[in-house]
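Okay, structure first, notes after.
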Amino acid sequence: MPEQIVERIGDALDRRMSRRGVLSRLIVAACAIAVAPLRYLLRPVSAWAVITRPADCSSGRRCNDGWTAFCCEVTGGLNTCPENSYIAGWWKCTDYRGSHLCADTGVRYYVDCNRLPGHRFSGGCHCAHGDCNRRRVDCNHFRYGQCNTQVAGTTEVVCRLVVCDHPAKIASFNCNATYKQDNRTCGHEAPCLTRSVVQLPGAGGA
């Protein structure tokens, strides 16, 4: 089924039917199977998560703000890089004023988990959980490049980690200390980035 037809069906359902209706759920599931059968059938994701992409969302929605979702949003709450991704770079937020992870220090380090070259991330570019109010997953083709420099090339950023320690001091991250800073991200947050999250040595995150 061409993607254009899937989009039209989804739009029609939004306008005319409740997503909770039996017929609506069946049609959306059929669309999800047509677009990404393995991801929908083998992974615990909703049909809407399979068929909703940034292009499906109106301007002003978080999925279109240009930033990537946090890894804990797509890994069941774990602040780690998902399968088929690797730590590719980092930057520092020097003025974190939130109440979540790293609130005690007021400093956060954001770490990009990029898609491994030669591998495919399940679902490709999409909004986290198919929700236009969540940031995108596996879309932004970008790399800061201070980590795992033995991996050549640039791929999509799958998701982001948050750590309170300098990434160059975390041996398992394999990062150098080349400094990057972006305080625009200090206000980025996710409910799963709680203070109770503990950095796990060797686990690629927390």
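The way I read the labels, and the way they are meant: chains A, B, ... in the order of the structure tokens, residue 1 as the first residue of every chain, and ligand 1 as the first ligand shown, with later ones counted on from there.
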| query | Which neighbours of region 53-65 of chain A fall inside 6 Å, counting only C-alpha atoms, when residues of the same chain fewer than 2 positions from it are skipped, and could you give them as JSON, numbers by chain? | reply | {"A": [67, 126, 127, 132, 133, 134, 135, 136]}
Taking only residues of region 69-117 of chain A that have an atom at most 10 Å from an atom of region 187-195 of chain A, what is each one's shortest atom pair and its distance in Å to one decimal, using only C-alpha atoms, in chain and number order, as a tab-separated table?
```
residue	atom	partner	partner_atom	distance
A:Ala69	CA	A:Ala190	CA	8.7
A:Phe70	CA	A:Ala190	CA	7.2
A:Cys71	CA	A:Cys192	CA	9.3
A:Cys72	CA	A:Cys192	CA	6.0
A:Glu73	CA	A:Cys192	CA	6.8
A:Gly76	CA	A:Cys192	CA	8.9
A:Gly77	CA	A:Cys192	CA	5.6
A:Leu78	CA	A:Cys192	CA	8.0
A:Asn79	CA	A:Leu193	CA	7.7
A:Cys93	CA	A:Gly187	CA	9.3
A:Asp95	CA	A:Gly187	CA	9.0
A:Tyr96	CA	A:Gly187	CA	7.0
A:Arg97	CA	A:Gly187	CA	7.7
A:Gly98	CA	A:Gly187	CA	7.3
A:Ser99	CA	A:Arg195	CA	7.8
A:His100	CA	A:Thr194	CA	4.9
A:Leu101	CA	A:Arg195	CA	4.4
A:Cys102	CA	A:Arg195	CA	7.0
A:Ala103	CA	A:Arg195	CA	7.6
A:Asp104	CA	A:Arg195	CA	8.9
```
Grab the residues selected above and save them as an mmCIF file, in the first residue's frame with C-alpha atoms.
```
data_model
loop_
_atom_site.group_PDB
_atom_site.id
_atom_site.type_symbol
_atom_site.label_atom_id
_atom_site.label_comp_id
_atom_site.auth_asym_id
_atom_site.auth_seq_id
_atom_site.Cartn_x
_atom_site.Cartn_y
_atom_site.Cartn_z
ATOM 1 C CA ALA A 69 13.715 12.230 21.544
ATOM 2 C CA PHE A 70 15.396 10.983 24.717
ATOM 3 C CA CYS A 71 16.392 7.323 24.690
ATOM 4 C CA CYS A 72 14.416 6.559 27.846
ATOM 5 C CA GLU A 73 11.278 7.413 25.870
ATOM 6 C CA GLY A 76 11.048 1.427 28.187
ATOM 7 C CA GLY A 77 12.512 3.970 30.589
ATOM 8 C CA LEU A 78 16.191 3.014 30.263
ATOM 9 C CA ASN A 79 18.647 5.851 29.705
ATOM 10 C CA CYS A 93 24.114 22.278 29.006
ATOM 11 C CA ASP A 95 22.372 26.052 33.072
ATOM 12 C CA TYR A 96 19.933 23.233 33.857
ATOM 13 C CA ARG A 97 17.204 24.535 36.197
ATOM 14 C CA GLY A 98 14.801 21.610 36.120
ATOM 15 C CA SER A 99 13.984 19.098 38.852
ATOM 16 C CA HIS A 100 14.849 15.893 37.021
ATOM 17 C CA LEU A 101 18.141 14.091 36.381
ATOM 18 C CA CYS A 102 21.203 16.280 37.196
ATOM 19 C CA ALA A 103 19.159 18.838 39.162
ATOM 20 C CA ASP A 104 21.733 18.660 41.956
#
```
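The smallest atom-to-atom distance between His119 (chain A) and any of A:Thr105, A:Ala177, A:Tyr86, A:Cys139, using only C-alpha atoms, is found for A:Tyr86.
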Taken to one decimal, the CA of Lys169 (chain A)-CA of Asn148 (chain A) distance is 13.7 Å
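When only C-alpha atoms are used to measure the gap to Gly89 (chain A), the shortest distance among A:Arg120, A:Arg184, A:Arg143, A:Arg160 belongs to A:Arg143.
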Counting only C-alpha atoms, closest pick from A:Arg115, A:His129, A:Lys92, A:Arg108 relative to Val74 (chain A) is A:His129
Between A:Ser122, A:Gly66, A:Gly145, A:Thr185, smallest distance to Val162 (chain A) by only C-alpha atoms belongs to A:Thr185
Test item: residues at most 8 Å from Asp138 (chain A), only C-alpha atoms, excluding those fewer than 5 positions along its chain, as a VMD selection string: chain A and resid 68 114 to 115 121 124 to 126 156 to 159
Write the residues of the preceding selection, restricted to N, CA and C atoms, as a PDB file, in the first residue's frame.
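Result saved to again06.pdb:
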```
ATOM      1  N   THR A  68      15.831  15.628  18.811  1.00  0.00           N
ATOM      2  CA  THR A  68      15.623  14.181  18.883  1.00  0.00           C
ATOM      3  C   THR A  68      15.087  13.782  20.258  1.00  0.00           C
ATOM      4  N   ASN A 114      23.705   7.401  17.767  1.00  0.00           N
ATOM      5  CA  ASN A 114      23.464   7.370  16.320  1.00  0.00           C
ATOM      6  C   ASN A 114      23.255   5.942  15.834  1.00  0.00           C
ATOM      7  N   ARG A 115      22.571   5.828  14.705  1.00  0.00           N
ATOM      8  CA  ARG A 115      22.368   4.522  14.079  1.00  0.00           C
ATOM      9  C   ARG A 115      23.717   3.967  13.644  1.00  0.00           C
ATOM     10  N   PHE A 121      17.503   1.030  11.888  1.00  0.00           N
ATOM     11  CA  PHE A 121      16.764   1.172  13.141  1.00  0.00           C
ATOM     12  C   PHE A 121      15.291   0.927  12.875  1.00  0.00           C
ATOM     13  N   GLY A 124      12.448   3.333  11.309  1.00  0.00           N
ATOM     14  CA  GLY A 124      12.986   4.494  10.622  1.00  0.00           C
ATOM     15  C   GLY A 124      12.572   5.790  11.290  1.00  0.00           C
ATOM     16  N   CYS A 125      12.548   6.864  10.532  1.00  0.00           N
ATOM     17  CA  CYS A 125      12.228   8.187  11.066  1.00  0.00           C
ATOM     18  C   CYS A 125      10.752   8.263  11.461  1.00  0.00           C
ATOM     19  N   HIS A 126      10.495   8.567  12.745  1.00  0.00           N
ATOM     20  CA  HIS A 126       9.115   8.671  13.222  1.00  0.00           C
ATOM     21  C   HIS A 126       9.067   9.490  14.510  1.00  0.00           C
ATOM     22  N   GLU A 156      21.905   8.874  11.223  1.00  0.00           N
ATOM     23  CA  GLU A 156      20.842   9.561  11.948  1.00  0.00           C
ATOM     24  C   GLU A 156      21.017   9.405  13.463  1.00  0.00           C
ATOM     25  N   VAL A 157      20.672  10.458  14.191  1.00  0.00           N
ATOM     26  CA  VAL A 157      20.628  10.368  15.655  1.00  0.00           C
ATOM     27  C   VAL A 157      19.344   9.639  16.026  1.00  0.00           C
ATOM     28  N   VAL A 158      19.489   8.466  16.640  1.00  0.00           N
ATOM     29  CA  VAL A 158      18.314   7.685  17.029  1.00  0.00           C
ATOM     30  C   VAL A 158      17.629   8.337  18.232  1.00  0.00           C
ATOM     31  N   CYS A 159      18.415   8.656  19.264  1.00  0.00           N
ATOM     32  CA  CYS A 159      17.874   9.252  20.474  1.00  0.00           C
ATOM     33  C   CYS A 159      19.019   9.840  21.299  1.00  0.00           C
TER      34      CYS A 159
END
```
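Taking CA of Ile170 (chain A) and CA of Ala128 (chain A) as the two end points, the separation is 27.3 Å.
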Expressed in Å, the length from CA of Lys180 (chain A) to CA of Val107 (chain A) is 13.3 Å
